[in-house]
Structures are given as structure tokens and as C-alpha cells.
Amino acid sequence: MPLAPSWLYGSGRTVGNLLWVALSYGLSADTSGTLPPSYSPRYVEAAWYSWWVKEGFFKPEYQEKLPRRKPETFSLCIPPPNVTGSLHLGHALTVAIEDALVRWLRSHLSSHVHLSLLSLSGQAMVEQKIWRERGVRRQDLMREEFLQEVWKWREEKGNEIFKQLKTLGASLDWDRVCFTMDSGFSEAVTEAFVRLHEDGLVYRQRGLVNWSCALRSAISDIEVEHRQLGGRTELSVPGYPSKVPFGIMVTFAYKVEGEGDEELVVATTRPETMLGDVAVAVHPGDPRYTHLRGKQLRHPFTGRLLPVIVDPLVEQDVGTGAVKVTPAHSHVDYELARGHGLPLVPVIREDGAMTAECGDWLEGLNRFLAREKVMAALKERGLYRGSKDHAMILPLCSRSGDVVENLLKSQWFLRCEGMARRALETHPSPFDWCISRQLWWGHQIPAYRVMDESDGLWVVGRSEADARKKAAGMLGKLEEELELVRDADVLDTWFSSGLFPFAALGWPQKTRDLQEFYPNSLLETGSDLLFFWVARMVMLGEQLTGHLPFSQVCLHSMVRDALGRKMSKSLGNVIDPLDVIHGALQERLRDGNLDPRETAVAAEGQRRDFPHGIPECGTDALRFALCSYRAQGDTINLDMATVVSASHFCNKVWNALKFTLAALGEGFSPQNPQEVFPSFPMDRWILSRLYRTVEECTRQFEEYELHSVTSSVHLFWLHNLCDFYLESVKAILRNADPSRLPGTCQTLHSCVDLGLRLLAPFMPYLSEELWQRLPQADSCSAPSVCVADFPSASQLVHWHHPEEEANFLLVQEVVRTARALRATYQLTKARPTGEEAEGCCVGPVHLWVSPHSQGLVDPKTELPKLAARQLKLERQLLELTTRTQASGDQEKVAPRTQAEHQRKVLHARGEQGSSVCVFVCLF
């Protein structure tokens, strides 16, 4: 194994640069020296990753050479992070979960690939950047000039994301990295579009789409965030100088034509759209408006006559029961207009300003300024009838934060219903998918418009030459006579991302990778991407390849902060994983794309949450902490204390290895675990616990219950090995008993060796650093713990001694009680006498533990404390039993919550009994 030069292991600034020095040289850490006295994540995590990559441990080709592996292939692709900045803790959770599974699988399958499939986009971020730095908008630049800016951003942020992934220890096959804008992937996107168009699944039509005025582009339904408002709420809107009030219902009147003062009152939360009204609809069964059916209303500003129509879609109990119909800006109204043959009058432009249809007094005015002017004009004409707070759902663009408008646009659509029915029994959305975007960064749609054709003929082709040939055949003209102009729009990023599992492997070409690794074995991703990404991959994969893209899907929960808040840049609670790994000051705001107001709020949020900054915890601690949360089900409220605790656990493992290496000494020759047959009870007990831990971890890994695996591994290392076994063998090692020492050393080595292999999927750096320093049996040929065999319960069954485990439960209880009493009364020494004696404090463990405390514990001081504790426990017990015995508790409370309540009751009763015993004995 190549060794790193000694200067790599300095301190201060040198240590801070270790990772990238190591990546440059591709060296492994120097493990020939003595283990440093204390655990340092910077030291441990400095050089291993580059060595893993250099040796090819992450490549399937390396796995194929290894003996004794099951003949299976496992393939996995990671969810595609966008180049919108750096990865956050949500991405870190994905990496931690997937890489733990990957490293576990790699340790016993013959061939494995973990593909890094990165969809790197970020036009909105680049637009913000050039506006902030140069005061220039995208439309002020030529398309090619702007794309150069985007490529610069991609290089910068793409490299930053790669750095983060490497620091997180993601064991990716970097030779198979895929970027969606690569030429090969772009070819696959074009091929997919053309094939879908030839199959009649892609079509172009004019219809209503979700429109972001900030992006000046259509967005999909799943990119619309639906914000629930309880009433009047002021929100910041991109490009608007002050906050805009929403959640207000405004009522105004339309005069009935030819009926004197007769009027019809309507209600709306968007008064500015009344310029596009073409009718007013009422329910056919509403008696209030029977006399107005067939009448016409005069529009006060345009003079347009609006018919009063009847339609069962109208909810007569909402508002006034009369609904203004604005079909160019509402999906519901659009359907009404189609059914009644009403015209479509667009009144809002792509940039959010009002159109010429509104008249000179409003044309070109921002929609929210127009709202104010319309309100004032209604009041001036005596048509305003009031306003009130109104609970509503406000559609916001998840990418820009802008209020979404419904605009009429000619777009490309993908028919989803048929594909969804073939791919799945049900699909989340029966509607067709608008796949065109009015952006400059992305895959330009391979469609061409034939100019000088009155019907606006569009042709689709793999190239302009292909499209020209098709157009000539359709029109009966010579190819050179035709003028073609390519559609300037690009495809929705989720269209290209939906091709990931097979396009990244070389489709449409029949590559070796495509044949070997498609379909993927598993998709693991956040639950928020179920509709964004997972459903799209399923539909497109089945349609274009004839196979579902993966056989299993595992969804994990969303990461929130310790207070349960969604992570938001404006709150200042979005955390870069590198800040947790290396530590960071609280005032550091990495992104810099926030406006000054948001920056101030974010800075205050960081000062409140991390007044002393974020402590340095290291990659291993972060990964272990993230995997310790139950990933499926509830949201994950990540508390930094959990990561700090995991860092302390790393230190505990470090110290256990120091102890073990000192105990084994020079020249120790370890045996293969199958050859270790301990004869002494303590040795049999710890190896039986190790066997059971291996058995549990294997089962839990197979069920993707990583939180259970971390719990089992933590229990073995901390409570079985460190707290009990290591303490028990100190006397044996100190006395060098020849009858016990060899067996104890073999047992100790087996525990640490296999224990590190169990830990390696979660803590790859620490386990590698320590495992490399551990002597290995001759039968172990693995050069690294990341490719060493995972412990197999079937090979360790000879260690299974349930009777020893049962017997030792009493010993553990005695030790725990004695330690608790010593800690409670701050006793420096405890002398068990074998029987209860005067002046002893007592704790129940099916027998009595009586450490001598006379002269060390003052009953007059302790009795009031115990009395107060007893009263507190009684109150807690009363509260818990009242809650669990409440009427209807079984029906209202989830089983897991009931179990937790019961556990707390039993714990409180145990504490109460212990407190009473100590109280009586002291008295």
C-alpha cells in the first residue's frame, strides 16, 4: 500500500488542506506509526478517499475479481442534484443512506455499481448572479453569451458538489459520472422526444399552463407550491418593490344591461383579472338569479357585454354564488368557456404586466399595481361592494417564489394517461404534462417550424436535416425550398431526468453497461421526489425500453431543523454538510443570492440556532447521526446534538482500538473467526453478543432499516464491548495470566475486527484508519475494509451462547446499578460487601448492591433531595397513567405512541421504586 509523505500529517492550515492534497496525489494514509493519542476527524479523513478511488474499489470491475461473492449485480443511481448552489443536509441524508447500503452490498456481492448521475442545472441562479454583479438581465444578453455564463456556473458549482460528495465519502464510480448536458445524454433526450412524437404521445397545442413571470417560463404542476393562507397575508414577490397583500376577497357589481339599477355582485381574490371576464356564471338551481338568466352585463371598463350563463360547476354557497368567468387565466373557467363557446381574452403578459386588452390606463402596468388601480376605479364608479379576509390557497413557483399565473401559451405536451396505465395501476396525475420551457439553459426541443406556411407546420427530427426531409415529404416540395426555424424553447428538466436510469448507461445505444446494469436494482430518494422524478422515470422507462427502470423504491423523509421547521435560506437554517464536518462560524451565509432583507433574517436565525457556531464533527459522525434517524415515515428533525454525540462515539471507538492494540502487542497472530472457540464465560458472552449483532445487522440491512443497524452497532461497541468486556479483561491483561491471555487476545481481536466491518458502511474513514492498523489473519486478503467481507452470522454460529447472555444480564444489572449509585453520590470508590450493611446506600437489581458510603453520604442532605425526586416521579406517573387510560386513547393514539407511553410508565415506576429503596435505607 503506498504511503503518504510524513508532511501530510502536520497541524493547523496543513491539516485543513489534507483532503485536496490527498486527492491530488491519490495516496493512502500512513498507518505504520503509532495511533495518535486522540481522535481527530481531520486527521482520519484526510487521505483515504483518494486512495479508494485510485485503487478502483468503487468500480464493478474490481468487485468481479473478488472471490467468495454472490453472483449478483446491484446497480443504483443517486437522485440528481441541481447546480443551484451547494448540497444541503437533505442531500447529505440521501448520500448517507445510499452509501451505507452500497458499502454493505459491495462487501458481499460479486458486482456492484453506484452511479453518480448528476442533473446539473441552475438558470435562475445564474440570472440572479449576473443581475447582482452586473445589473444585467438575461434578455439583455445574447443567448450564447448567457449560456457561457451558465457553463461557468456549472463548472464552479458542479466541482463544489463533487467536492462535497467526496468529502461525504460517497463511494461513486466516478468513471461513469453523467451530466445531463453531455453530448451522449443530449442525444438520448433528442431520441426520446422524437420517438414519443412518432408514437403520437408528444403534441403541440395552445392551452393554459402554469406560468412563472419571474422565470418567464412555463412550469409543471409539481413545481407549484400551494401556500395555505388563513386570511390577509403580506408576501414578497420577485420584482415587486413592496410586499403584496393576499387572502382578501373583494366584491364588486356588474350592471345588468337595460335593467336600470339592477346589478349582479361577484367576488374575487384577483380583481385585476376582471379585465378578462367574458361571462358571469350561476348555478342552474340558484333561485336568486333565475330572473337574470340570458341577460347581459356591461363591463365598466371595456364596454364588453358579458352573458349570464348557468352551469352546475358553480358552487352557489361560495361567495355570492355568482362567478366571474376569466377563461384565459383560470383552469376551471377555461373548461367553462369551452363548454359554452366563450372567447378567451388574455389580460396578463409573460412578464406579469397587463396587456393591451386592458386599455391604455393599464397596459404595461405590473399586475399588482393594476390590482390597486382597478380597485380604485371600481370605487370611483360606485361598483365596489367591500372586501374581507379570506382563507385561500396561493400558488407559488417553487423555483422562484413568484405567484403563479395561468396563461394561454402554445406548448409541447406529453400524453401521460396511457403510459401511466401501462406502467402503474394508478398514476398521480391523469393530466398531460407540459414539457416545454421558455428558458435558454437545457435541451433545446428538436422541433422546427416551416416558415411561410399559413397553418404553422411543425416537424420533429433528430437533426435539422432530418426535419427538412420530413417537411419536404409532407409538403411535396424540394428540401432546399424550405426555411426551417428551430423552436427556441427547451425541455422540462424532469423530462431529461426521467431518462436517467437508462440514458446514463448509453441508451439508445446497446452498450455493455446498459445490458449489465439496467434496470437498476433500487431507487432510493426523498419522498418529495415521488411525483417530480420517480413517476416520470417509471412512465418513460417502460415506454422507451419496455422495462420498469428499477425493481424497488425506497423513500426517505424530509430533513427539518431541530424545531421541526422546513429548512429555508431565509430562515438561516439551511446547513452545508461541510460546515458540520469541518465546523463553521454562525455568520457564514454560503449562498449569497439572498436579497439584503432575507440575508438579515438568515443571519439572525443562525445566531439564534448556533450562537457559538457549528462544532467540528467530521464526516463519520454526520453520516452515522443521519442514518440513526428513522428515515421512513415521519419527518426528521435533525438536532446538532445528535451529530456531536456521534462524534463522541467515534472517540470511544478510537480509544477502544488504542486499548486493543496495546493489549495485543507486537507479533500477535490473529486467527480466523471460524477458528476462535473461547472457553471462558466472559469471552463466550461477548462473542455471543457479537454473533447476535451480526445477525441483527444483516436482517436490518436487508429490510433497509438503517436506524436499527446503527442502534445495534452502537449497542455492541459502547455497552457490550467498551462498558463491560474491556473493563472485565483489564485484570487479565495486567496479570498476564497465561491460561487466559491468548484466548482473551483472540476474542478481543475478533470483536474489534468484525466490529469495524459492521461500522464501515456508516463510518468509512474511521473504520478504515483503525482496521488498517489491526493485524489481519492470513485468510484475509482484502486490502481495505470497504471491500472486506461483511460478517456472516452463518459463519459465526459457533459463538452463539444464549445461556451465557442470559446469565450475564444479572452481572450487567449489578454493574450498572453500582455505577449509578457511585455517580449519584459522587463516590470515588465503591466496596460491595456481599450483604447489606449499616451506612450503605442500596439499589434493587433482584439482589442488593451495597457500596460502602458511610462518612461519604450525608443523609440529612440527601433525604430532602430524594423526597423531592419522589414527589416529581409521582406526578409524572400520575400524568402518564391518566393520559394512557383516557377514554378513546386506543382509537386516537398511534400504536407506536401508545408503546412509548407504556415504556415511560414502566420507567417511572422503576425510578420510583429505586428512589423509595434508597430513601428507606438512608433513613
# chains A, B, ... in the order shown; residues from 1 in each chain; ligands from 1
call {"tool": "residues_around", "arguments": {"residues": "range 497-508 of chain A", "least_positions_apart": "3", "cutoff": "8 Å", "atoms": "only C-alpha atoms", "output": "MDAnalysis selection string"}}
result
chainID A and resid 77 80 117 119 178 180 184:185 188:189 191 493:494 511 513:514 517:520 533:534 536:538 540:541 549
call {"tool": "select_by_dssp", "arguments": {"residues": "range 276-462 of chain A", "states": "helix (DSSP H, G or I)", "output": "JSON, numbers by chain"}}
result
{"A": [276, 287, 288, 289, 290, 291, 292, 331, 332, 333, 334, 335, 336, 337, 338, 339, 340, 356, 357, 358, 367, 368, 369, 370, 371, 372, 373, 374, 375, 376, 377, 378, 379, 380, 417, 418, 419, 420, 421, 422, 423]}
call {"tool": "closest_residue", "arguments": {"among": "A:Pro346, A:Gly285, A:Gly230, A:Gly526", "to": "Ala631 in chain A", "atoms": "only C-alpha atoms"}}
result
A:Gly526
call {"tool": "residues_around", "arguments": {"residues": "Glu225 in chain A", "least_positions_apart": "3", "cutoff": "12 Å", "atoms": "only C-alpha atoms", "output": "list in words"}}
result
Asn210, Ser212, Ile219, Ser220, Asp221, Ile222, Gln228, Ile393, Leu394, Pro395, Leu396, Cys397, Ser398, Arg399, Ser400, Gly401, Asp402, Val403, Val404 and Asp528 of chain A
